[in-house]
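Asks: File structure_5.pdb follows (PDB, C-alpha atoms):
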ATOM      1  CA  MET A 989      94.176  -3.586  14.063
ATOM      2  CA  THR A 990      93.093  -0.644  12.027
ATOM      3  CA  VAL A 991      89.848  -0.164  10.202
ATOM      4  CA  SER A 992      90.388  -2.061   7.009
ATOM      5  CA  SER A 993      89.404  -1.469   3.448
ATOM      6  CA  GLN A 994      88.592  -5.169   3.324
ATOM      7  CA  ALA A 995      84.886  -4.948   4.004
ATOM      8  CA  GLY A 996      84.005  -6.150   0.504
ATOM      9  CA  ILE A 997      86.479  -9.023   0.354
ATOM     10  CA  ASP A 998      85.011 -12.520   0.406
ATOM     11  CA  GLU A 999      85.462 -14.727   3.394
ATOM     12  CA  THR A1000      87.635 -17.395   1.750
ATOM     13  CA  THR A1001      90.179 -14.787   0.715
ATOM     14  CA  LEU A1002      90.204 -13.220   4.172
ATOM     15  CA  VAL A1003      90.740 -16.612   5.807
ATOM     16  CA  ALA A1004      93.601 -17.387   3.406
ATOM     17  CA  GLN A1005      95.204 -14.010   4.141
ATOM     18  CA  ALA A1006      94.731 -14.461   7.894
ATOM     19  CA  ARG A1007      96.389 -17.878   7.699
ATOM     20  CA  GLU A1008      99.383 -16.200   6.091
ATOM     21  CA  GLY A1009      99.567 -14.003   9.193
ATOM     22  CA  ASP A1010      97.656 -10.989   7.890
ATOM     23  CA  ALA A1011      96.370  -9.317  11.067
ATOM     24  CA  VAL A1012      94.176  -6.864   9.176
ATOM     25  CA  ALA A1013      92.386  -9.728   7.411
ATOM     26  CA  PHE A1014      91.819 -11.521  10.708
ATOM     27  CA  GLY A1015      90.565  -8.255  12.222
ATOM     28  CA  GLU A1016      88.006  -7.986   9.440
ATOM     29  CA  LEU A1017      86.792 -11.553  10.142
ATOM     30  CA  VAL A1018      86.438 -10.646  13.816
ATOM     31  CA  ARG A1019      84.449  -7.534  12.974
ATOM     32  CA  ARG A1020      82.102  -9.484  10.734
ATOM     33  CA  TYR A1021      81.147 -11.983  13.375
ATOM     34  CA  GLU A1022      81.788 -10.450  16.811
ATOM     35  CA  GLY A1023      78.162  -9.248  17.151
ATOM     36  CA  LYS A1024      76.735 -12.659  16.372
ATOM     37  CA  ILE A1025      79.206 -14.498  18.585
ATOM     38  CA  PHE A1026      78.575 -12.134  21.496
ATOM     39  CA  ARG A1027      74.816 -12.596  21.112
ATOM     40  CA  LEU A1028      75.161 -16.361  20.933
ATOM     41  CA  ALA A1029      77.399 -16.322  24.033
ATOM     42  CA  GLN A1030      74.874 -14.212  25.927
ATOM     43  CA  HIS A1031      72.067 -16.539  24.950
ATOM     44  CA  VAL A1032      73.877 -19.666  26.029
ATOM     45  CA  THR A1033      75.553 -18.368  29.205
ATOM     46  CA  GLN A1034      72.932 -15.770  30.183
ATOM     47  CA  ASN A1035      75.709 -13.852  31.818
ATOM     48  CA  ARG A1036      77.359 -10.763  30.422
ATOM     49  CA  GLU A1037      80.776 -11.364  31.985
ATOM     50  CA  ASP A1038      80.884 -14.977  30.793
ATOM     51  CA  ALA A1039      79.726 -13.881  27.364
ATOM     52  CA  GLU A1040      82.603 -11.439  27.107
ATOM     53  CA  ASP A1041      85.061 -14.160  28.110
ATOM     54  CA  VAL A1042      83.541 -16.504  25.549
ATOM     55  CA  LEU A1043      83.838 -13.826  22.871
ATOM     56  CA  GLN A1044      87.546 -13.296  23.582
ATOM     57  CA  GLU A1045      88.361 -16.975  23.970
ATOM     58  CA  THR A1046      86.561 -17.816  20.724
ATOM     59  CA  PHE A1047      88.601 -15.443  18.584
ATOM     60  CA  MET A1048      91.854 -16.234  20.433
ATOM     61  CA  LYS A1049      91.333 -19.931  19.768
ATOM     62  CA  ALA A1050      90.295 -19.285  16.203
ATOM     63  CA  TYR A1051      93.522 -17.358  15.658
ATOM     64  CA  GLU A1052      95.620 -20.044  17.354
ATOM     65  CA  HIS A1053      94.062 -22.881  15.384
ATOM     66  CA  LEU A1054      93.489 -21.160  12.084
ATOM     67  CA  ASP A1055      95.696 -23.700  10.325
ATOM     68  CA  GLN A1056      93.324 -26.442  11.482
ATOM     69  CA  PHE A1057      90.385 -24.828   9.731
ATOM     70  CA  GLN A1058      89.871 -27.095   6.747
ATOM     71  CA  GLY A1059      87.638 -24.889   4.704
ATOM     72  CA  ASN A1060      85.088 -27.699   4.347
ATOM     73  CA  SER A1061      82.579 -25.739   6.376
ATOM     74  CA  LYS A1062      81.991 -22.028   6.516
ATOM     75  CA  PHE A1063      84.351 -20.025   8.739
ATOM     76  CA  TYR A1064      81.320 -18.791  10.672
ATOM     77  CA  THR A1065      80.192 -22.375  11.402
ATOM     78  CA  TRP A1066      83.680 -23.202  12.578
ATOM     79  CA  ILE A1067      83.868 -20.291  15.040
ATOM     80  CA  VAL A1068      80.326 -20.969  16.227
ATOM     81  CA  ARG A1069      81.447 -24.444  17.202
ATOM     82  CA  ILE A1070      84.361 -22.966  19.173
ATOM     83  CA  ALA A1071      82.027 -20.422  20.805
ATOM     84  CA  VAL A1072      79.482 -23.076  21.775
ATOM     85  CA  ASN A1073      82.214 -25.216  23.369
ATOM     86  CA  GLN A1074      83.553 -22.272  25.339
ATOM     87  CA  ALA A1075      80.054 -21.257  26.441
ATOM     88  CA  LEU A1076      79.204 -24.789  27.572
ATOM     89  CA  MET A1077      82.397 -24.966  29.618
ATOM     90  CA  LYS A1078      81.432 -21.723  31.333
ATOM     91  CA  LEU A1079      77.976 -23.048  32.117
ATOM     92  CA  ARG A1080      79.329 -26.261  33.564
ATOM     93  CA  ARG A1081      81.969 -24.471  35.605
ATOM     94  CA  ARG A1082      79.447 -21.998  36.992
ATOM     95  CA  LYS A1083      77.034 -24.691  38.070
ATOM     96  CA  THR A1084      79.385 -27.301  39.466
ATOM     97  CA  ASP A1085      76.932 -28.155  42.217
ATOM     98  CA  LYS A1086      74.420 -29.476  39.754
ATOM     99  CA  SER A1087      75.730 -30.770  36.507
ATOM    100  CA  VAL A1088      74.506 -28.875  33.522
ATOM    101  CA  SER A1089      74.514 -30.480  30.177
ATOM    102  CA  LEU A1090      72.828 -29.529  27.009
ATOM    103  CA  ASP A1091      73.094 -33.165  26.007
ATOM    104  CA  GLU A1092      71.047 -34.344  28.948
ATOM    105  CA  THR A1093      68.062 -36.480  28.178
ATOM    106  CA  ILE A1094      65.005 -34.350  28.309
ATOM    107  CA  ASP A1095      61.400 -35.120  27.881
ATOM    108  CA  THR A1096      60.747 -35.029  24.192
ATOM    109  CA  GLY A1097      57.260 -36.433  24.512
ATOM    110  CA  GLU A1098      54.835 -36.177  21.688
ATOM    111  CA  ASP A1099      52.611 -33.601  23.346
ATOM    112  CA  THR A1100      53.207 -30.246  21.847
ATOM    113  CA  MET A1101      51.679 -28.044  24.465
ATOM    114  CA  VAL A1102      49.402 -25.740  22.550
ATOM    115  CA  ARG A1103      47.274 -23.916  25.056
ATOM    116  CA  GLU A1104      46.172 -20.808  23.303
ATOM    117  CA  ILE A1105      45.622 -19.720  19.802
ATOM    118  CA  ALA A1106      44.841 -16.295  18.442
ATOM    119  CA  ALA A1107      45.504 -14.633  15.130
ATOM    120  CA  TRP A1108      48.373 -12.145  14.961
ATOM    121  CA  ASP A1109      48.584  -9.055  12.796
ATOM    122  CA  GLU A1110      50.630  -9.368   9.631
ATOM    123  CA  ASP A1111      53.628  -7.549  11.142
ATOM    124  CA  PRO A1112      52.770  -7.568  14.829
ATOM    125  CA  GLU A1113      56.250  -6.444  15.871
ATOM    126  CA  ARG A1114      55.528  -2.979  14.440
ATOM    127  CA  ARG A1115      53.399  -2.279  17.469
ATOM    128  CA  TYR A1116      56.525  -1.968  19.596
ATOM    129  CA  THR A1117      59.630   0.181  19.563
ATOM    130  CA  ARG A1118      62.896  -1.517  18.722
ATOM    131  CA  GLU A1119      63.908  -1.532  22.391
ATOM    132  CA  GLU A1120      60.568  -2.881  23.579
ATOM    133  CA  LEU A1121      60.632  -5.585  20.930
ATOM    134  CA  GLY A1122      64.210  -6.566  21.821
ATOM    135  CA  GLY A1123      63.156  -6.868  25.466
ATOM    136  CA  ILE A1124      60.117  -8.996  24.648
ATOM    137  CA  LEU A1125      62.068 -11.364  22.377
ATOM    138  CA  ASP A1126      65.023 -11.728  24.750
ATOM    139  CA  THR A1127      62.837 -12.367  27.773
ATOM    140  CA  ALA A1128      60.911 -15.041  25.892
ATOM    141  CA  VAL A1129      64.069 -16.849  24.718
ATOM    142  CA  GLN A1130      65.658 -16.657  28.136
ATOM    143  CA  SER A1131      62.643 -18.231  29.745
ATOM    144  CA  LEU A1132      63.180 -21.424  27.713
ATOM    145  CA  GLU A1133      64.935 -24.361  29.354
ATOM    146  CA  PRO A1134      68.638 -24.400  28.325
ATOM    147  CA  PRO A1135      68.374 -27.423  25.966
ATOM    148  CA  TYR A1136      65.589 -25.713  24.016
ATOM    149  CA  ARG A1137      67.186 -22.291  24.205
ATOM    150  CA  SER A1138      70.483 -23.376  22.716
ATOM    151  CA  VAL A1139      68.876 -25.239  19.814
ATOM    152  CA  PHE A1140      66.514 -22.352  19.029
ATOM    153  CA  THR A1141      69.315 -19.782  19.246
ATOM    154  CA  LEU A1142      71.579 -21.651  16.859
ATOM    155  CA  ARG A1143      68.863 -22.667  14.391
ATOM    156  CA  ASP A1144      66.535 -19.700  14.247
ATOM    157  CA  ILE A1145      68.578 -16.749  15.454
ATOM    158  CA  ASP A1146      72.060 -17.656  14.250
ATOM    159  CA  GLU A1147      70.556 -19.506  11.271
ATOM    160  CA  LEU A1148      72.712 -22.612  11.360
ATOM    161  CA  SER A1149      71.342 -25.659   9.544
ATOM    162  CA  THR A1150      69.892 -28.572  11.503
ATOM    163  CA  GLU A1151      73.057 -30.570  10.785
ATOM    164  CA  GLU A1152      75.367 -27.723  11.857
ATOM    165  CA  THR A1153      73.369 -27.249  15.061
ATOM    166  CA  ALA A1154      73.551 -30.978  15.780
ATOM    167  CA  GLU A1155      77.295 -30.928  15.232
ATOM    168  CA  ALA A1156      77.877 -27.807  17.340
ATOM    169  CA  LEU A1157      75.856 -29.161  20.275
ATOM    170  CA  GLY A1158      76.865 -32.812  19.983
ATOM    171  CA  LEU A1159      73.245 -33.863  19.434
ATOM    172  CA  SER A1160      71.566 -36.132  16.926
ATOM    173  CA  VAL A1161      69.575 -34.558  14.101
ATOM    174  CA  PRO A1162      66.253 -35.955  15.454
ATOM    175  CA  ALA A1163      67.045 -34.493  18.905
ATOM    176  CA  VAL A1164      67.677 -31.076  17.346
ATOM    177  CA  LYS A1165      64.436 -31.274  15.391
ATOM    178  CA  SER A1166      62.354 -32.302  18.345
ATOM    179  CA  ARG A1167      63.827 -29.611  20.616
ATOM    180  CA  LEU A1168      63.432 -26.991  17.927
ATOM    181  CA  LEU A1169      59.757 -27.801  17.500
ATOM    182  CA  ARG A1170      59.143 -27.546  21.224
ATOM    183  CA  ALA A1171      61.104 -24.294  21.460
ATOM    184  CA  ARG A1172      59.225 -22.730  18.547
ATOM    185  CA  LEU A1173      55.855 -23.717  19.949
ATOM    186  CA  GLN A1174      56.724 -22.459  23.408
ATOM    187  CA  LEU A1175      57.898 -19.127  22.027
ATOM    188  CA  ARG A1176      54.817 -18.829  19.835
ATOM    189  CA  GLU A1177      52.754 -19.285  22.948
ATOM    190  CA  LYS A1178      54.720 -16.728  24.961
ATOM    191  CA  LEU A1179      54.638 -14.144  22.183
ATOM    192  CA  THR A1180      50.915 -14.538  21.522
ATOM    193  CA  ARG A1181      50.331 -12.396  24.589
ATOM    194  CA  TYR A1182      52.079  -9.477  22.910
ATOM    195  CA  PHE A1183      51.284 -10.016  19.272
ATOM    196  CA  LYS A1184      47.712 -11.239  19.104
ATOM    197  CA  ARG A1185      45.351  -9.160  17.067
ATOM    198  CA  LYS A1186      43.542  -6.701  19.240
ATOM    199  CA  GLY A1187      40.078  -7.876  20.189
ATOM    200  CA  ASP A1188      40.880 -11.536  19.520
ATOM    201  CA  ASP A1189      40.837 -13.554  22.664
ATOM    202  CA  ALA A1190      43.030 -16.562  22.872
ATOM    203  CA  PHE A1191      41.183 -19.744  23.621
ATOM    204  CA  ALA A1192      42.090 -23.108  24.977
ATOM    205  CA  TYR A1193      42.837 -25.828  22.498
ATOM    206  CA  MET A1194      43.659 -29.497  22.585
TER
ATOM    207  CA  MET B 899      43.935 -38.174   6.933
ATOM    208  CA  LEU B 900      46.193 -36.271   9.305
ATOM    209  CA  THR B 901      45.246 -35.518  12.874
ATOM    210  CA  CYS B 902      46.085 -32.166  14.507
ATOM    211  CA  LYS B 903      48.727 -33.974  16.523
ATOM    212  CA  ASP B 904      50.336 -35.349  13.345
ATOM    213  CA  PHE B 905      50.269 -31.857  11.873
ATOM    214  CA  LEU B 906      52.020 -30.296  14.869
ATOM    215  CA  HIS B 907      54.579 -33.076  14.886
ATOM    216  CA  GLU B 908      55.556 -32.200  11.310
ATOM    217  CA  LEU B 909      55.203 -28.439  11.744
ATOM    218  CA  SER B 910      58.930 -27.587  11.871
ATOM    219  CA  ASP B 911      59.723 -29.514   8.691
ATOM    220  CA  TYR B 912      56.694 -27.946   7.042
ATOM    221  CA  LEU B 913      57.784 -24.408   7.955
ATOM    222  CA  ASP B 914      61.408 -25.119   7.029
ATOM    223  CA  GLU B 915      60.149 -26.467   3.710
ATOM    224  CA  CYS B 916      61.962 -29.726   4.120
ATOM    225  CA  ALA B 917      59.002 -32.091   4.408
ATOM    226  CA  ASP B 918      58.881 -34.474   1.448
ATOM    227  CA  ALA B 919      56.345 -33.775  -1.277
ATOM    228  CA  GLN B 920      53.825 -36.400  -0.224
ATOM    229  CA  VAL B 921      53.857 -35.330   3.442
ATOM    230  CA  ARG B 922      53.760 -31.702   2.414
ATOM    231  CA  ALA B 923      50.602 -32.209   0.374
ATOM    232  CA  LYS B 924      48.871 -33.801   3.362
ATOM    233  CA  LEU B 925      50.067 -30.996   5.658
ATOM    234  CA  GLU B 926      48.798 -28.356   3.283
ATOM    235  CA  GLU B 927      45.469 -30.084   3.068
ATOM    236  CA  HIS B 928      45.164 -30.163   6.865
ATOM    237  CA  ASN B 929      46.394 -26.565   7.138
ATOM    238  CA  ALA B 930      43.642 -25.400   4.822
ATOM    239  CA  GLU B 931      40.914 -27.410   6.498
ATOM    240  CA  CYS B 932      41.701 -26.918  10.180
ATOM    241  CA  PRO B 933      41.468 -23.286  11.323
ATOM    242  CA  ASN B 934      43.272 -23.911  14.603
ATOM    243  CA  CYS B 935      46.248 -25.635  13.005
ATOM    244  CA  GLY B 936      46.262 -22.958  10.311
ATOM    245  CA  LEU B 937      46.582 -20.299  13.030
ATOM    246  CA  ILE B 938      49.287 -22.214  14.846
ATOM    247  CA  ALA B 939      51.270 -22.619  11.625
ATOM    248  CA  ASP B 940      50.868 -18.933  10.789
ATOM    249  CA  THR B 941      51.846 -17.618  14.219
ATOM    250  CA  THR B 942      54.768 -20.053  14.518
ATOM    251  CA  LYS B 943      55.998 -18.912  11.116
ATOM    252  CA  LYS B 944      55.772 -15.294  12.291
ATOM    253  CA  THR B 945      57.611 -16.177  15.517
ATOM    254  CA  ILE B 946      60.531 -17.549  13.510
ATOM    255  CA  ARG B 947      60.496 -14.600  11.114
ATOM    256  CA  ILE B 948      60.538 -12.046  13.928
ATOM    257  CA  TYR B 949      63.565 -13.705  15.547
ATOM    258  CA  LYS B 950      65.419 -13.996  12.253
ATOM    259  CA  ARG B 951      64.926 -10.264  11.660
ATOM    260  CA  MET B 952      66.314  -9.390  15.080
ATOM    261  CA  ASP B 953      69.631  -7.539  14.817
ATOM    262  CA  PRO B 954      72.592  -8.818  16.812
ATOM    263  CA  TYR B 955      73.403  -6.903  19.974
ATOM    264  CA  PRO B 956      75.722  -4.093  19.073
ATOM    265  CA  ILE B 957      78.923  -4.918  20.862
ATOM    266  CA  PRO B 958      79.464  -2.412  23.666
ATOM    267  CA  SER B 959      82.527  -0.341  22.825
ATOM    268  CA  ASP B 960      84.381  -1.328  26.005
ATOM    269  CA  VAL B 961      83.856  -5.022  25.200
ATOM    270  CA  GLU B 962      85.092  -4.516  21.669
ATOM    271  CA  SER B 963      88.165  -2.569  22.701
ATOM    272  CA  ARG B 964      89.112  -5.261  25.240
ATOM    273  CA  LEU B 965      88.644  -7.902  22.545
ATOM    274  CA  MET B 966      90.814  -6.015  20.079
ATOM    275  CA  ARG B 967      93.523  -5.390  22.694
ATOM    276  CA  ALA B 968      93.603  -9.077  23.637
ATOM    277  CA  LEU B 969      93.834 -10.088  19.976
ATOM    278  CA  GLU B 970      96.557  -7.581  19.176
ATOM    279  CA  LYS B 971      98.621  -8.942  22.053
ATOM    280  CA  LYS B 972      97.997 -12.487  20.869
ATOM    281  CA  MET B 973      99.029 -11.626  17.326
ATOM    282  CA  SER B 974     102.183  -9.839  18.381
ATOM    283  CA  ASP B 975     103.117 -12.953  20.398
ATOM    284  CA  GLY B 976     102.563 -15.022  17.258
ATOM    285  CA  ARG B 977     100.512 -18.150  16.824
ATOM    286  CA  THR B 978     101.399 -20.913  19.300
TER
END
Rewrite the structure from the file as structure tokens, please.

Replies:
Amino acid sequence: MTVSSQAGIDETTLVAQAREGDAVAFGELVRRYEGKIFRLAQHVTQNREDAEDVLQETFMKAYEHLDQFQGNSKFYTWIVRIAVNQALMKLRRRKTDKSVSLDETIDTGEDTMVREIAAWDEDPERRYTREELGGILDTAVQSLEPPYRSVFTLRDIDELSTEETAEALGLSVPAVKSRLLRARLQLREKLTRYFKRKGDDAFAYM
Amino acid sequence: MLTCKDFLHELSDYLDECADAQVRAKLEEHNAECPNCGLIADTTKKTIRIYKRMDPYPIPSDVESRLMRALEKKMSDGRT
């Protein structure tokens, strides 16, 4: 696949061309989404080698099954669903001794675990270099339990809708919402350490 | 009158702007009156914004070249 002059072409046209067997058009679709798919795969599998496999398998399957893509959803949503399935299979295969499921019933109790509160600066991330910030954000996400991590990744990093996230993960909409809330609050808590306004001490609450 | 617990329960919908108008009005009222919940809403909103702004990992060049090689092979074999 060569570097294409198709960067400006809209997705629907590229998909139509790829379905006709246009390798350059498919290559352009891959280039548009490979970064996001690789990131998603790393977030879900937490393993670089598995993430690379997931990346390859996702686009191979997408190519194989391109004629099954109905065009009712966005192409990106469709490949995300493939990527999530591949990533979940990896997770389950890797941890055969204890079954891993993102669908498992988890405690979705009403308590929302707010332990500390402190004001943040307006753009607190400016205090850190790009690399430092990336490290802080990744570490915080990776410390979430897998059911929370996957929902947060799809909703707030990959920016899928609640319904798309529910569909990709095989969860109900209320389950997605409740996990998302917990994930957001947990991350808020973890990041407060780094982003709170200098001189403001966090204090216990609730 | 909303409690802090009610407010937190609705926080995601509030921040995603998908709470219905009546609920939203109550949430805004609580947000303005309760400094702690106001701070939680503000810092949670910033948490989401910071993650949304995060760039995807650049794909390492070796990973990308293996991906492209695998796809080229697949394409030359034709769709199964």

Asks: Taking (83.3, -15.0, 26.4) as a centre in this file's frame and 8 Å as the limit, can you find every polymer residue with an atom that close, using only C-alpha atoms, and give them as JSON, numbers by chain?

Replies: {"A": [1026, 1029, 1037, 1038, 1039, 1040, 1041, 1042, 1043, 1044, 1045, 1046, 1071, 1074, 1075]}

Asks: As an exercise, work out the distance from atom CA of Val1139 of chain A to atom CA of Pro1162 of chain A in Å and give it to one decimal place.

Replies: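 One can read the atom CA of Val1139 of chain A to atom CA of Pro1162 of chain A distance as 11.9 Å.
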
Asks: For the file shown, what are the residues hit by the PyMOL selection byres ((chain B) within 8 of (chain A)), laid out as a PyMOL selection string?

Replies: chain B and resi 903+906-907+909-910+934+937-938+941-942+945-946+948-950+952+954-957+961+965-966+968-970+972-973+977-978

Asks: With C-alpha atoms kept, could you save the residues just selected as an mmCIF file, keeping the file's coordinate frame?

Replies:
data_model
loop_
_atom_site.group_PDB
_atom_site.id
_atom_site.type_symbol
_atom_site.label_atom_id
_atom_site.label_comp_id
_atom_site.auth_asym_id
_atom_site.auth_seq_id
_atom_site.Cartn_x
_atom_site.Cartn_y
_atom_site.Cartn_z
ATOM 1 C CA LYS B 903 48.727 -33.974 16.523
ATOM 2 C CA LEU B 906 52.020 -30.296 14.869
ATOM 3 C CA HIS B 907 54.579 -33.076 14.886
ATOM 4 C CA LEU B 909 55.203 -28.439 11.744
ATOM 5 C CA SER B 910 58.930 -27.587 11.871
ATOM 6 C CA ASN B 934 43.272 -23.911 14.603
ATOM 7 C CA LEU B 937 46.582 -20.299 13.030
ATOM 8 C CA ILE B 938 49.287 -22.214 14.846
ATOM 9 C CA THR B 941 51.846 -17.618 14.219
ATOM 10 C CA THR B 942 54.768 -20.053 14.518
ATOM 11 C CA THR B 945 57.611 -16.177 15.517
ATOM 12 C CA ILE B 946 60.531 -17.549 13.510
ATOM 13 C CA ILE B 948 60.538 -12.046 13.928
ATOM 14 C CA TYR B 949 63.565 -13.705 15.547
ATOM 15 C CA LYS B 950 65.419 -13.996 12.253
ATOM 16 C CA MET B 952 66.314 -9.390 15.080
ATOM 17 C CA PRO B 954 72.592 -8.818 16.812
ATOM 18 C CA TYR B 955 73.403 -6.903 19.974
ATOM 19 C CA PRO B 956 75.722 -4.093 19.073
ATOM 20 C CA ILE B 957 78.923 -4.918 20.862
ATOM 21 C CA VAL B 961 83.856 -5.022 25.200
ATOM 22 C CA LEU B 965 88.644 -7.902 22.545
ATOM 23 C CA MET B 966 90.814 -6.015 20.079
ATOM 24 C CA ALA B 968 93.603 -9.077 23.637
ATOM 25 C CA LEU B 969 93.834 -10.088 19.976
ATOM 26 C CA GLU B 970 96.557 -7.581 19.176
ATOM 27 C CA LYS B 972 97.997 -12.487 20.869
ATOM 28 C CA MET B 973 99.029 -11.626 17.326
ATOM 29 C CA ARG B 977 100.512 -18.150 16.824
ATOM 30 C CA THR B 978 101.399 -20.913 19.300
#

Asks: Could you please determine the separation between atom CA of Lys971 of chain B and atom CA of Ile997 of chain A in Å, to one decimal place?

Replies: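 Going from atom CA of Lys971 of chain B over to atom CA of Ile997 of chain A, I get 24.9 Å.
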
Asks: Compare A:Arg1036, A:Arg1007, A:Lys1078, A:Arg1020 by their minimum atom-to-atom distance to Gly1059 of chain A, counting all atoms listed in the file, and give me the closest one.

Replies: A:Arg1007

Asks: Given the file above and the PyMOL selection byres ((chain B and resi 901) around 12), which residues are selected, and can you give them as an MDAnalysis selection string?

Replies: (chainID A and resid 1194) or (chainID B and resid 899:900 902:908 924:925 927:929 931:932 934:935)

Asks: How far is it from atom CA of Arg967 of chain B to atom CA of Val1012 of chain A, in Å with one decimal?

Replies: 13.6 Å

Asks: If you count all atoms listed in the file, which residues fall within 12 Å of Lys1062 of chain A, apart from same-chain ones fewer than 6 positions away, as a PyMOL selection string?

Replies: chain A and resi 998-1000+1003+1068-1069+1148-1149+1152
